[in-house]
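*Asks:* entry_35.txt is reproduced in full below (compact mmCIF, C-alpha atoms).
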```txt
# COMPACT_ATOMS: atom_id res chain seq x y z
CA MET A 296 3.77 -33.66 17.64
CA ASP A 297 7.48 -32.78 17.66
CA PHE A 298 8.00 -29.53 15.77
CA ASN A 299 11.47 -28.35 14.75
CA PRO A 300 12.34 -24.79 15.89
CA ALA A 301 11.23 -23.19 12.62
CA GLY A 302 8.07 -25.27 12.71
CA LYS A 303 7.29 -24.15 16.27
CA LYS A 304 7.67 -20.49 15.40
CA LEU A 305 5.64 -20.86 12.23
CA PHE A 306 2.95 -22.68 14.21
CA TRP A 307 2.78 -19.81 16.69
CA VAL A 308 2.67 -17.22 13.91
CA ILE A 309 -0.35 -18.98 12.43
CA ALA A 310 -1.96 -19.50 15.85
CA ILE A 311 -1.53 -15.83 16.86
CA ALA A 312 -2.71 -14.50 13.50
CA LEU A 313 -5.70 -16.84 13.40
CA GLY A 314 -6.62 -16.21 17.05
CA ALA A 315 -6.54 -12.42 16.62
CA ARG A 316 -8.84 -12.66 13.61
CA VAL A 317 -11.27 -15.01 15.31
CA ILE A 318 -11.55 -12.52 18.17
CA LEU A 319 -11.93 -9.65 15.69
CA ALA A 320 -14.76 -11.46 13.88
CA ALA A 321 -16.49 -12.11 17.21
CA VAL A 322 -16.39 -8.55 18.58
CA TYR A 323 -16.21 -6.23 15.56
CA SER A 324 -18.61 -5.61 12.70
CA PRO A 325 -17.02 -5.24 9.24
CA GLN A 326 -17.17 -1.66 7.98
CA ILE A 327 -18.78 -0.51 4.75
CA TRP A 328 -16.87 2.50 3.42
CA PRO A 329 -18.11 5.00 0.81
CA GLU A 330 -15.86 3.25 -1.75
CA THR A 331 -17.54 -0.08 -1.00
CA GLU A 332 -20.65 0.96 -2.86
CA ARG A 333 -18.58 1.94 -5.89
CA TYR A 334 -16.87 -1.45 -6.04
CA MET A 335 -20.20 -3.21 -5.57
CA THR A 336 -21.78 -1.14 -8.36
CA ILE A 337 -18.89 -1.92 -10.72
CA ALA A 338 -19.24 -5.63 -9.89
CA GLN A 339 -22.92 -5.43 -10.78
CA ARG A 340 -22.04 -3.71 -14.05
CA PHE A 341 -19.62 -6.49 -14.96
CA VAL A 342 -22.31 -9.08 -14.29
CA SER A 343 -25.07 -7.23 -16.16
CA GLY A 344 -22.90 -5.85 -18.96
CA ASP A 345 -24.52 -2.42 -18.53
CA PHE A 346 -21.82 0.27 -18.47
CA ASN A 347 -24.02 3.27 -19.08
CA GLY A 348 -22.71 6.05 -16.82
CA TYR A 349 -19.50 4.17 -16.01
CA LEU A 350 -16.81 6.59 -14.77
CA GLY A 351 -13.64 4.45 -14.75
CA LYS A 352 -12.44 5.64 -11.34
CA ASN A 353 -11.64 2.26 -9.82
CA VAL A 354 -9.49 -0.64 -10.99
CA PRO A 355 -11.39 -3.91 -11.34
CA PHE A 356 -9.87 -6.68 -9.24
CA TYR A 357 -11.72 -6.00 -5.97
CA SER A 358 -14.99 -5.97 -7.91
CA PHE A 359 -14.00 -9.31 -9.46
CA LEU A 360 -13.46 -10.63 -5.93
CA ILE A 361 -16.93 -9.44 -4.94
CA ILE A 362 -18.35 -11.33 -7.92
CA ALA A 363 -16.34 -14.44 -6.98
CA THR A 364 -17.86 -14.39 -3.48
CA GLY A 365 -21.35 -14.12 -4.91
CA PHE A 366 -21.84 -10.58 -3.54
CA ASN A 367 -21.74 -12.14 -0.05
CA TYR A 368 -20.28 -9.61 2.42
CA GLN A 369 -19.74 -12.22 5.13
CA LEU A 370 -17.82 -14.50 2.81
CA LEU A 371 -15.72 -11.55 1.62
CA PHE A 372 -14.94 -10.70 5.25
CA ILE A 373 -13.81 -14.27 5.97
CA LEU A 374 -11.68 -14.27 2.82
CA GLN A 375 -9.98 -11.03 3.84
CA LEU A 376 -9.25 -12.41 7.33
CA ALA A 377 -7.76 -15.54 5.71
CA MET A 378 -5.58 -13.27 3.60
CA GLY A 379 -4.39 -11.64 6.82
CA VAL A 380 -3.25 -15.02 8.16
CA ALA A 381 -1.49 -15.77 4.84
CA ILE A 382 0.25 -12.37 4.90
CA SER A 383 1.56 -13.15 8.40
CA VAL A 384 3.08 -16.38 7.06
CA PHE A 385 4.60 -14.58 4.06
CA VAL A 386 6.15 -11.94 6.34
CA TYR A 387 7.57 -14.66 8.59
CA PHE A 388 9.38 -16.34 5.71
CA ILE A 389 10.49 -13.06 4.13
CA PHE A 390 12.29 -11.93 7.28
CA LEU A 391 13.48 -15.43 8.11
CA ARG A 392 15.35 -15.40 4.78
CA LEU A 393 16.58 -11.82 5.10
CA THR A 394 17.84 -12.02 8.68
CA ARG A 395 18.64 -15.75 8.91
CA SER A 396 16.90 -15.58 12.26
CA GLU A 397 13.75 -17.49 13.11
CA ARG A 398 13.15 -15.21 16.06
CA LEU A 399 13.28 -12.04 13.95
CA GLY A 400 11.05 -13.67 11.34
CA PHE A 401 8.61 -14.46 14.14
CA PHE A 402 8.63 -10.93 15.59
CA ALA A 403 8.23 -9.34 12.14
CA ALA A 404 5.25 -11.61 11.44
CA VAL A 405 3.64 -10.86 14.80
CA ALA A 406 4.16 -7.12 14.18
CA TYR A 407 1.82 -7.59 11.24
CA ALA A 408 -0.52 -10.19 12.75
CA LEU A 409 -1.37 -8.03 15.79
CA ASN A 410 -1.23 -4.62 14.10
CA PRO A 411 -4.58 -2.93 14.90
CA GLY A 412 -4.40 -0.83 11.75
CA GLN A 413 -4.06 -3.87 9.53
CA LEU A 414 -6.75 -5.77 11.42
CA LEU A 415 -9.21 -2.92 10.95
CA PHE A 416 -8.51 -2.81 7.23
CA GLU A 417 -9.06 -6.56 7.02
CA ALA A 418 -12.50 -5.84 8.48
CA ALA A 419 -13.29 -3.09 5.97
CA TYR A 420 -14.80 -3.72 2.55
CA ILE A 421 -12.09 -1.89 0.63
CA PRO A 422 -9.20 -3.34 -1.40
CA GLU A 423 -6.24 -2.38 0.82
CA ILE A 424 -5.82 -5.78 2.45
CA VAL A 425 -6.21 -7.59 -0.88
CA CYS A 426 -3.42 -5.45 -2.34
CA THR A 427 -1.29 -6.21 0.74
CA PHE A 428 -1.84 -9.92 0.10
CA TRP A 429 -0.70 -9.73 -3.53
CA LEU A 430 2.28 -7.52 -2.70
CA SER A 431 3.33 -9.85 0.13
CA LEU A 432 3.01 -12.87 -2.16
CA LEU A 433 5.18 -11.08 -4.73
CA VAL A 434 7.91 -10.22 -2.20
CA PHE A 435 7.74 -13.74 -0.75
CA LEU A 436 8.22 -15.31 -4.21
CA MET A 437 11.09 -12.97 -5.03
CA VAL A 438 12.85 -13.64 -1.73
CA GLU A 439 12.42 -17.40 -2.09
CA MET A 440 13.79 -17.26 -5.65
CA VAL A 441 16.92 -15.42 -4.55
CA ALA A 442 17.31 -17.89 -1.66
CA GLY A 443 17.23 -20.75 -4.17
CA ASN A 444 14.04 -22.29 -2.81
CA ILE A 445 12.14 -21.52 -6.02
CA ALA A 446 13.94 -22.13 -9.31
CA GLU A 447 14.68 -18.97 -11.30
CA ARG A 448 13.18 -19.92 -14.64
CA TRP A 449 11.05 -18.08 -17.19
CA TRP A 450 7.89 -19.45 -15.59
CA SER A 451 8.78 -18.16 -12.10
CA TYR A 452 9.34 -14.66 -13.48
CA PHE A 453 6.14 -15.01 -15.49
CA LEU A 454 4.40 -15.74 -12.17
CA LEU A 455 5.98 -12.63 -10.61
CA GLY A 456 4.71 -10.54 -13.51
CA LEU A 457 1.24 -12.03 -13.15
CA VAL A 458 1.10 -11.26 -9.43
CA SER A 459 2.36 -7.70 -10.04
CA VAL A 460 -0.34 -6.90 -12.60
CA VAL A 461 -3.06 -8.28 -10.31
CA CYS A 462 -1.61 -6.10 -7.54
CA LEU A 463 -1.80 -2.89 -9.60
CA LEU A 464 -5.29 -3.80 -10.81
CA THR A 465 -6.22 -4.01 -7.12
CA ARG A 466 -4.63 -0.69 -6.08
CA PRO A 467 -3.29 1.57 -8.87
CA HIS A 468 -0.85 3.24 -6.46
CA TYR A 469 1.44 0.24 -7.02
CA GLN A 470 1.54 0.44 -10.81
CA PHE A 471 5.30 1.03 -10.57
CA VAL A 472 5.89 -2.50 -9.26
CA PRO A 473 6.30 -4.24 -12.67
CA ALA A 474 8.95 -1.69 -13.70
CA LEU A 475 10.76 -2.19 -10.37
CA LEU A 476 10.72 -5.95 -10.96
CA VAL A 477 12.23 -5.50 -14.43
CA LEU A 478 15.04 -3.38 -12.95
CA PHE A 479 15.58 -6.06 -10.30
CA VAL A 480 15.92 -8.76 -12.99
CA LEU A 481 18.24 -6.72 -15.19
CA TRP A 482 20.52 -5.96 -12.24
CA ARG A 483 20.48 -9.48 -10.83
CA TRP A 484 21.35 -11.04 -14.20
CA ARG A 485 23.49 -8.19 -15.53
CA LYS A 486 26.40 -10.57 -16.25
CA GLN A 487 24.18 -12.89 -18.31
CA LYS A 488 22.48 -10.51 -20.74
CA LEU A 489 20.55 -13.13 -22.70
CA ARG A 490 19.06 -14.62 -19.54
CA ALA A 491 18.30 -11.14 -18.19
CA LEU A 492 16.41 -10.35 -21.40
CA LEU A 493 14.47 -13.64 -21.27
CA PHE A 494 13.45 -13.17 -17.65
CA ALA A 495 12.51 -9.50 -18.18
CA LEU A 496 10.37 -10.53 -21.15
CA SER A 497 8.76 -13.22 -19.00
CA LEU A 498 7.75 -10.47 -16.56
CA ILE A 499 6.49 -8.07 -19.19
CA ILE A 500 4.26 -10.53 -21.07
CA PRO A 501 1.68 -11.15 -18.27
CA VAL A 502 1.72 -7.45 -17.32
CA SER A 503 0.93 -6.47 -20.91
CA ALA A 504 -1.67 -9.23 -21.18
CA GLY A 505 -3.40 -7.91 -18.06
CA LEU A 506 -3.12 -4.17 -18.75
CA GLY A 507 -3.94 -4.24 -22.45
CA PRO A 508 -7.56 -5.43 -22.13
CA TRP A 509 -8.16 -3.13 -19.16
CA LEU A 510 -6.88 -0.03 -20.99
CA THR A 511 -9.01 -0.97 -24.00
CA PHE A 512 -12.03 -1.37 -21.72
CA GLN A 513 -11.37 2.00 -20.09
CA HIS A 514 -11.06 3.72 -23.45
CA LYS A 515 -14.31 2.19 -24.67
CA HIS A 516 -16.47 2.78 -21.60
CA ALA A 517 -14.80 5.71 -19.77
CA GLY A 518 -13.40 7.59 -22.77
CA LYS A 519 -9.81 7.48 -21.55
CA ALA A 520 -7.23 4.72 -21.99
CA SER A 521 -5.76 4.97 -18.48
CA ILE A 522 -5.59 2.60 -15.54
CA THR A 523 -7.87 4.94 -13.62
CA THR A 524 -9.63 8.22 -14.42
CA HIS A 525 -8.76 9.55 -10.98
CA LEU A 526 -5.21 10.92 -11.33
CA GLY A 527 -6.28 14.52 -11.83
CA VAL A 528 -8.59 14.32 -8.82
CA THR A 529 -5.79 13.09 -6.55
CA LEU A 530 -3.31 15.75 -7.71
CA MET A 531 -5.96 18.41 -7.17
CA TYR A 532 -5.96 17.48 -3.46
CA HIS A 533 -2.57 19.21 -3.28
CA THR A 534 -3.42 22.30 -5.28
CA MET A 535 -6.83 22.81 -3.69
CA ALA A 536 -5.07 24.68 -0.87
CA PHE A 537 -3.84 27.34 -3.33
CA ILE A 538 -6.23 26.89 -6.26
CA GLU A 539 -6.88 30.65 -6.37
CA HIS A 540 -3.52 30.87 -8.17
CA ALA A 541 -4.70 28.68 -11.06
CA PRO A 542 -4.39 30.24 -14.56
CA ASP A 543 -7.29 32.40 -15.72
CA LYS A 544 -8.17 30.01 -18.54
CA TYR A 545 -9.62 27.75 -15.83
CA ASP A 546 -11.63 30.59 -14.27
CA GLU A 547 -14.99 28.79 -14.33
CA VAL A 548 -13.70 25.58 -12.74
CA ARG A 549 -11.50 27.59 -10.36
CA GLN A 550 -14.45 29.59 -9.03
CA ILE A 551 -16.56 26.47 -8.49
CA LEU A 552 -13.70 24.91 -6.52
CA LEU A 553 -13.12 28.06 -4.46
CA ASP A 554 -16.79 28.33 -3.51
CA GLU A 555 -16.94 24.67 -2.47
CA ARG A 556 -13.63 24.93 -0.60
CA GLU A 557 -15.00 27.72 1.56
CA ALA A 558 -18.14 25.71 2.29
CA TYR A 559 -16.11 22.66 3.31
CA LEU A 560 -13.79 24.73 5.51
CA ARG A 561 -16.79 26.21 7.32
CA ASP A 562 -18.41 22.82 7.87
CA SER A 563 -15.45 20.55 8.70
CA GLY A 564 -12.17 22.44 8.58
CA LEU A 565 -11.04 20.20 5.69
CA PHE A 566 -11.38 20.83 1.98
CA TYR A 567 -10.30 17.57 0.30
CA GLY A 568 -13.86 16.37 -0.23
CA ALA A 569 -14.66 19.49 -2.26
CA VAL A 570 -12.49 18.22 -5.12
CA GLU A 571 -14.87 15.36 -5.89
CA ALA A 572 -18.06 16.97 -4.58
CA VAL A 573 -18.08 19.63 -7.32
CA ILE A 574 -17.49 17.25 -10.25
CA PRO A 575 -21.24 16.84 -11.04
CA GLU A 576 -21.61 20.63 -11.04
CA ILE A 577 -18.61 21.05 -13.35
CA MET A 578 -19.95 18.35 -15.66
CA ASP A 579 -23.36 20.04 -15.72
CA LYS A 580 -22.02 23.56 -16.40
CA THR A 581 -19.31 22.65 -18.91
CA GLY A 582 -20.74 19.57 -20.61
CA MET A 583 -17.56 17.61 -19.89
CA SER A 584 -17.54 13.89 -19.10
CA TYR A 585 -16.01 12.61 -15.86
CA ALA A 586 -12.83 11.60 -17.70
CA GLN A 587 -12.60 15.07 -19.24
CA VAL A 588 -13.04 16.71 -15.83
CA ASP A 589 -10.25 14.51 -14.48
CA SER A 590 -7.99 15.51 -17.40
CA THR A 591 -8.84 19.17 -16.81
CA TYR A 592 -8.05 18.79 -13.11
CA LEU A 593 -4.72 17.19 -14.01
CA GLU A 594 -3.64 19.99 -16.38
CA MET A 595 -4.99 22.67 -14.05
CA ALA A 596 -3.11 21.20 -11.08
CA ARG A 597 0.14 20.87 -13.05
CA GLU A 598 0.04 24.46 -14.25
CA THR A 599 -0.86 25.78 -10.80
CA ILE A 600 2.05 23.83 -9.28
CA MET A 601 4.41 25.35 -11.86
CA LEU A 602 3.19 28.81 -10.84
CA ARG A 603 3.50 28.12 -7.09
CA PRO A 604 6.22 25.44 -6.64
CA VAL A 605 7.08 26.52 -3.08
CA LEU A 606 3.48 26.02 -1.93
CA TYR A 607 3.45 22.60 -3.58
CA ALA A 608 6.79 21.68 -1.96
CA GLY A 609 5.31 22.40 1.47
CA SER A 610 2.28 20.29 0.61
CA PHE A 611 4.57 17.48 -0.61
CA ILE A 612 6.51 17.49 2.68
CA ARG A 613 3.26 17.28 4.68
CA ALA A 614 2.07 14.43 2.47
CA THR A 615 5.32 12.51 3.01
CA ALA A 616 5.01 12.92 6.79
CA ARG A 617 1.41 11.71 6.68
CA PHE A 618 2.46 8.64 4.72
CA PHE A 619 4.48 7.40 7.71
CA LYS A 620 1.86 8.06 10.40
CA PRO A 621 0.21 5.01 11.97
CA THR A 622 -2.41 3.54 9.65
CA TRP A 623 -4.80 3.49 12.61
CA TYR A 624 -4.71 7.28 12.82
CA SER A 625 -7.25 9.22 10.78
CA LYS A 626 -10.09 11.65 11.41
CA ASN A 627 -12.96 9.21 11.14
CA PHE A 628 -11.28 5.84 11.56
CA GLY A 629 -9.30 4.26 14.35
CA ILE A 630 -7.17 5.85 16.98
CA ARG A 631 -8.66 9.37 16.97
CA VAL A 632 -12.15 7.97 17.41
CA VAL A 633 -10.98 5.55 20.12
CA VAL A 634 -9.09 8.23 22.02
CA ALA A 635 -12.01 10.66 21.75
CA LYS A 636 -14.89 8.29 22.49
CA GLY A 637 -13.54 4.94 23.72
CA LYS A 638 -13.37 3.56 27.23
CA LEU A 639 -10.27 4.18 29.32
CA ALA A 640 -8.65 0.80 28.55
CA ALA A 641 -9.24 1.28 24.82
CA ARG A 642 -7.78 4.79 24.98
CA ILE A 643 -4.66 3.57 26.75
CA ALA A 644 -4.24 0.71 24.26
CA ALA A 645 -4.68 3.08 21.32
CA VAL A 646 -2.09 5.55 22.61
CA LEU A 647 0.39 2.77 23.43
CA TYR A 648 -0.08 1.31 19.95
CA ALA A 649 0.52 4.70 18.32
CA ALA A 650 3.65 5.27 20.44
CA LEU A 651 5.09 1.84 19.59
CA HIS A 652 4.25 2.23 15.93
CA MET A 653 5.87 5.66 15.67
CA SER A 654 8.95 4.40 17.52
CA LEU A 655 9.40 1.60 14.98
CA VAL A 656 8.83 3.98 12.07
CA ALA A 657 11.45 6.33 13.56
CA VAL A 658 13.92 3.44 13.70
CA PHE A 659 13.14 2.59 10.07
CA LEU A 660 13.78 6.19 8.99
CA VAL A 661 16.89 6.86 11.08
CA PHE A 662 18.74 3.53 11.01
CA PRO A 663 20.07 3.77 7.40
CA LEU A 664 21.86 7.01 8.32
CA LEU A 665 23.26 5.32 11.41
CA ALA A 666 24.47 2.37 9.33
CA LEU A 667 26.05 4.75 6.83
CA LEU A 668 28.00 6.52 9.57
CA ASN A 669 29.05 3.43 11.56
CA ASN A 670 30.17 0.09 10.10
CA LYS A 671 29.16 -1.88 13.17
CA TYR A 672 25.50 -1.31 12.24
CA ARG A 673 26.04 -2.65 8.73
CA PRO A 674 25.82 -6.47 8.68
CA LYS A 675 26.29 -8.22 5.35
CA GLY A 676 22.63 -9.08 4.97
CA LEU A 677 21.69 -5.39 5.05
CA LEU A 678 23.19 -4.93 1.58
CA ASP A 679 21.29 -7.86 0.09
CA ILE A 680 19.50 -7.20 -3.23
CA ARG A 681 16.25 -8.34 -1.58
CA VAL A 682 16.53 -5.64 1.09
CA THR A 683 17.28 -3.10 -1.63
CA PHE A 684 14.15 -4.19 -3.51
CA ILE A 685 11.97 -3.90 -0.40
CA TYR A 686 13.44 -0.50 0.50
CA SER A 687 12.80 0.69 -3.06
CA LEU A 688 9.23 -0.61 -2.86
CA ILE A 689 8.58 1.40 0.30
CA TRP A 690 10.21 4.65 -0.77
CA ILE A 691 8.83 4.70 -4.30
CA ALA A 692 5.36 4.13 -2.87
CA ALA A 693 5.94 6.99 -0.39
CA PHE A 694 7.29 9.32 -3.08
CA ILE A 695 4.55 8.66 -5.63
CA GLN A 696 1.85 8.96 -3.01
CA ALA A 697 3.26 12.23 -1.68
CA VAL A 698 3.61 13.66 -5.20
CA LEU A 699 0.02 12.86 -6.14
CA VAL A 700 -2.09 13.02 -2.99
CA LEU A 701 -2.50 15.20 0.08
CA GLY A 702 -4.96 13.65 2.48
CA GLU A 703 -4.95 10.57 4.68
CA ASN A 704 -1.82 9.28 2.92
CA ASN A 705 -1.13 6.72 5.65
CA ARG A 706 -4.01 4.63 4.34
CA PHE A 707 -2.15 4.11 1.08
CA ARG A 708 0.93 2.92 2.94
CA THR A 709 -0.99 -0.06 4.29
CA SER A 710 0.41 -2.56 1.78
CA VAL A 711 4.09 -1.77 2.49
CA GLU A 712 3.66 -1.31 6.23
CA PRO A 713 4.59 -4.96 7.04
CA TYR A 714 8.07 -4.29 5.61
CA ILE A 715 8.50 -0.95 7.38
CA LEU A 716 7.78 -2.58 10.74
CA GLY A 717 9.64 -5.81 9.90
CA LEU A 718 12.78 -3.93 8.90
CA ALA A 719 12.48 -1.80 12.04
CA VAL A 720 12.37 -4.96 14.19
CA TRP A 721 15.53 -6.19 12.45
CA PHE A 722 17.25 -2.82 12.91
CA VAL A 723 16.44 -2.77 16.63
CA ALA A 724 17.97 -6.26 16.95
CA ILE A 725 21.12 -5.08 15.14
CA MET A 726 21.48 -2.10 17.47
CA VAL A 727 20.89 -4.19 20.60
CA HIS A 728 23.35 -6.82 19.39
CA SER A 729 25.98 -4.17 18.70
CA LEU A 730 25.74 -3.09 22.36
CA PHE A 731 26.14 -6.59 23.80
CA LYS A 732 28.18 -8.53 21.26
CA LYS A 733 31.43 -8.18 23.22
CA THR A 734 29.89 -10.03 26.12
CA GLY A 735 28.06 -12.53 23.92
CA ARG A 736 24.80 -11.74 25.70
CA LEU A 737 22.74 -11.44 22.55
CA ASP A 738 22.98 -13.21 19.22
CA PRO A 739 20.44 -11.87 16.69
CA GLY A 740 20.59 -15.01 14.58
CA ASP A 741 20.10 -18.58 15.65
CA GLY A 742 22.04 -20.43 12.98
CA SER A 743 18.99 -21.62 11.10
CA ASN A 744 19.53 -22.90 7.61
CA THR A 745 17.52 -20.52 5.38
```
Take the structure in the file and write it out as structure tokens.
*Replies:*
Amino acid sequence: MDFNPAGKKLFWVIAIALGARVILAAVYSPQIWPETERYMTIAQRFVSGDFNGYLGKNVPFYSFLIIATGFNYQLLFILQLAMGVAISVFVYFIFLRLTRSERLGFFAAVAYALNPGQLLFEAAYIPEIVCTFWLSLLVFLMVEMVAGNIAERWWSYFLLGLVSVVCLLTRPHYQFVPALLVLFVLWRWRKQKLRALLFALSLIIPVSAGLGPWLTFQHKHAGKASITTHLGVTLMYHTMAFIEHAPDKYDEVRQILLDEREAYLRDSGLFYGAVEAVIPEIMDKTGMSYAQVDSTYLEMARETIMLRPVLYAGSFIRATARFFKPTWYSKNFGIRVVVAKGKLAARIAAVLYAALHMSLVAVFLVFPLLALLNNKYRPKGLLDIRVTFIYSLIWIAAFIQAVLVLGENNRFRTSVEPYILGLAVWFVAIMVHSLFKKTGRLDPGDGSNT
């Protein structure tokens, strides 16, 4: 069969992504995480209609997916691997449009398809990869709309809104995405105010239709009309390091947290788990519900941060740095375990992966400053509204995550990682091209019609 150049590269993207996942399925057993049981229990509650003792910690879509697969772990694993292949295709087209280069689209897609961190999350029964799928579909649709390959009509923006609400009901960390889409629409159509209003409304309607019933459900069964009753818990991860400075009105809860923190530090050197471990004790001693404990945590954390802003600032900086570490780098998962316990070849591969990953992340972080200082690193496509949207997506996710959570923050970067690495690949090509363009030795684009 005679493929055109784009077809050949797309074929190889699919072949590489599919091949890697077939090998993964053959040699690696899918992992059940502590959260897996929670999602499975919620799925069972939805089926039975019994919400006695429901806490409201998790958003529902991953549980809906478990129901759709008939509670079949193997089928869920296959579905998540298929999503990984689809994400590779989305990334290929996204960067094909942005860079007007089939080669760069190919390399960006392969950077996702062969990323060990992403592969391991595809083989874990947690919602990260599902969120990555929805977010990639959203960016793909937006990029194709701007490119003129999908008509910009009310229904296409309605579809964007629908995908965005499913995304945030998969991982609540991306609940800012609908608002970012509305800003994108208002800016893109700023010269046609009536159309901008129509398209923004087309985005808002499905988001409201999806969030409204969920907030009502949460209020009825968890006692709090919020997307998740877990915000206070996550913010407490930051303040746990200096919780002794909490106001005296929280003295009972403060003492429970301090005692558990010391126990966790003795046992593991980490104290994050203490935040959730003591909730049953707090509920028992105070008579509060889980939602009330979360609200107490939230207010307690806020007031403690106001009393010790410098300590929180240091914690925020550490959280931001952790956000950009390789996803395959955590205490109990991935590279640390491989380096500590794996065979020599696996150790070498793990270290090389981490080095490559961190090099690309460094390029992503440093290149904008380089482009700001030197025009030759600033091609026209770099200022495209689609690039601005993707950059905003990454940095808002990083900022919100760092504000709210101190822990293994890199895990929560999983869904925007394809764009961090894809942009880094593009930036490397720009820098290399700038070195050789006088001799014509390297052309980053190949003249494809995107």
*Asks:* I need the residue nearest Gly344 (chain A) from this list: A:His516, A:Ala569, A:Gly527, A:Asp679. Use only C-alpha atoms for the distance.
*Replies:*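 Under the stated criterion, the closest residue is A:His516.
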*Asks:* Mind checking which residues fall within 12 Å of region 506-510 of chain A, counting all atoms listed in the file, ignoring those fewer than 5 positions away in the same chain, and posting them as a short mmCIF file (atom, residue, chain, number, x, y, z; two decimals) with C-alpha atoms, keeping the file's coordinate frame?
*Replies:*
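Full text of part-v4.cif as output:
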```
data_model
loop_
_atom_site.label_atom_id
_atom_site.label_comp_id
_atom_site.auth_asym_id
_atom_site.auth_seq_id
_atom_site.Cartn_x
_atom_site.Cartn_y
_atom_site.Cartn_z
CA GLY A 351 -13.64 4.45 -14.75
CA ASN A 353 -11.64 2.26 -9.82
CA VAL A 354 -9.49 -0.64 -10.99
CA PRO A 355 -11.39 -3.91 -11.34
CA PHE A 356 -9.87 -6.68 -9.24
CA GLY A 456 4.71 -10.54 -13.51
CA LEU A 457 1.24 -12.03 -13.15
CA SER A 459 2.36 -7.70 -10.04
CA VAL A 460 -0.34 -6.90 -12.60
CA VAL A 461 -3.06 -8.28 -10.31
CA CYS A 462 -1.61 -6.10 -7.54
CA LEU A 463 -1.80 -2.89 -9.60
CA LEU A 464 -5.29 -3.80 -10.81
CA PRO A 467 -3.29 1.57 -8.87
CA GLN A 470 1.54 0.44 -10.81
CA PRO A 473 6.30 -4.24 -12.67
CA ILE A 499 6.49 -8.07 -19.19
CA ILE A 500 4.26 -10.53 -21.07
CA PRO A 501 1.68 -11.15 -18.27
CA LYS A 515 -14.31 2.19 -24.67
CA HIS A 516 -16.47 2.78 -21.60
CA ALA A 517 -14.80 5.71 -19.77
CA GLY A 518 -13.40 7.59 -22.77
CA LYS A 519 -9.81 7.48 -21.55
CA ALA A 520 -7.23 4.72 -21.99
CA SER A 521 -5.76 4.97 -18.48
CA ILE A 522 -5.59 2.60 -15.54
CA THR A 523 -7.87 4.94 -13.62
CA THR A 524 -9.63 8.22 -14.42
#
```
*Asks:* Could you work out how far CA of Ala338 (chain A) lies from CA of Leu360 (chain A), giving the answer in Å with one decimal?
*Replies:*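 The value is 8.6 Å.
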*Asks:* With a distance cut-off of 10 Å and all atoms listed in the file, select the neighbouring residues of Leu496 (chain A), excluding the residue or stretch itself and same-chain residues fewer than 6 positions from it, and output the selection as a ChimeraX atom specification.
*Replies:* /A:449,452-453,456,477,490,502
*Asks:* If you keep C-alpha atoms, can you produce a file of those selected residues as a PDB file, in the frame of the given file?
*Replies:*
```pdb
ATOM      1  CA  TRP A 449      11.050 -18.080 -17.190  1.00  0.00           C
ATOM      2  CA  TYR A 452       9.340 -14.660 -13.480  1.00  0.00           C
ATOM      3  CA  PHE A 453       6.140 -15.010 -15.490  1.00  0.00           C
ATOM      4  CA  GLY A 456       4.710 -10.540 -13.510  1.00  0.00           C
ATOM      5  CA  VAL A 477      12.230  -5.500 -14.430  1.00  0.00           C
ATOM      6  CA  ARG A 490      19.060 -14.620 -19.540  1.00  0.00           C
ATOM      7  CA  VAL A 502       1.720  -7.450 -17.320  1.00  0.00           C
TER       8      VAL A 502
END
```
*Asks:* Please determine, counting all atoms listed in the file, which residue among A:Arg340, A:Arg706, A:Arg613, A:Arg333 has the shortest atom-to-atom distance to Gln413 (chain A).
*Replies:*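 Comparing A:Arg340, A:Arg706, A:Arg613, A:Arg333 against Gln413 (chain A), the winner is A:Arg706.
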*Asks:* Take the point (-18.6, -0.7, -13.5) in the file's coordinates, draw a sphere of radius 8 Å around it, and report as number ranges by chain every protein, DNA or RNA residue with an atom inside or on it, counting all atoms listed in the file.
*Replies:* A: 334, 336-341, 345-346, 349-351
*Asks:* For region 304-316 of chain A, work out the shell of residues within 10 Å, counting only C-alpha atoms and skipping chain neighbours fewer than 6 positions away, then give it as a count of residues only.
*Replies:* 32
*Asks:* With all atoms listed in the file as the counted atoms, please give the residues lying no more than 12 Å from Tyr469 (chain A), apart from itself and same-chain residues fewer than 5 positions off, as a ChimeraX atom specification.
*Replies:* /A:354,423,426-427,429-430,458-464,474-476,522,688-696,707-711
*Asks:* One decimal, in Å: what's the spacing between CA of Pro422 (chain A) and CA of Thr364 (chain A)?
*Replies:* 14.2 Å
*Asks:* Just the number, please: distance in Å from CA of Trp450 (chain A) to CA of Ser497 (chain A), one decimal.
*Replies:*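 A separation of 7.2 Å between them.
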*Asks:* Neighbours of Phe479 (chain A) within 10 Å (all atoms listed in the file; same-chain residues fewer than 3 positions away dropped), as a VMD selection string?
*Replies:* chain A and resid 437 473 to 476 482 to 485 491 495 680 to 681 683 to 684
*Asks:* List every protein, DNA or RNA residue that has an atom no more than 12 Å from (19.3, 4.4, 14.7) in the file's coordinate frame, counting only C-alpha atoms, and report them as a list in words.
*Replies:* Ser654, Leu655, Val656, Ala657, Val658, Phe659, Leu660, Val661, Phe662, Pro663, Leu664, Leu665, Ala666, Leu667, Leu668, Asn669, Lys671, Tyr672, Arg673, Ala719, Val720, Trp721, Phe722, Val723, Ala724, Ile725, Met726, Val727 and Ser729 of chain A
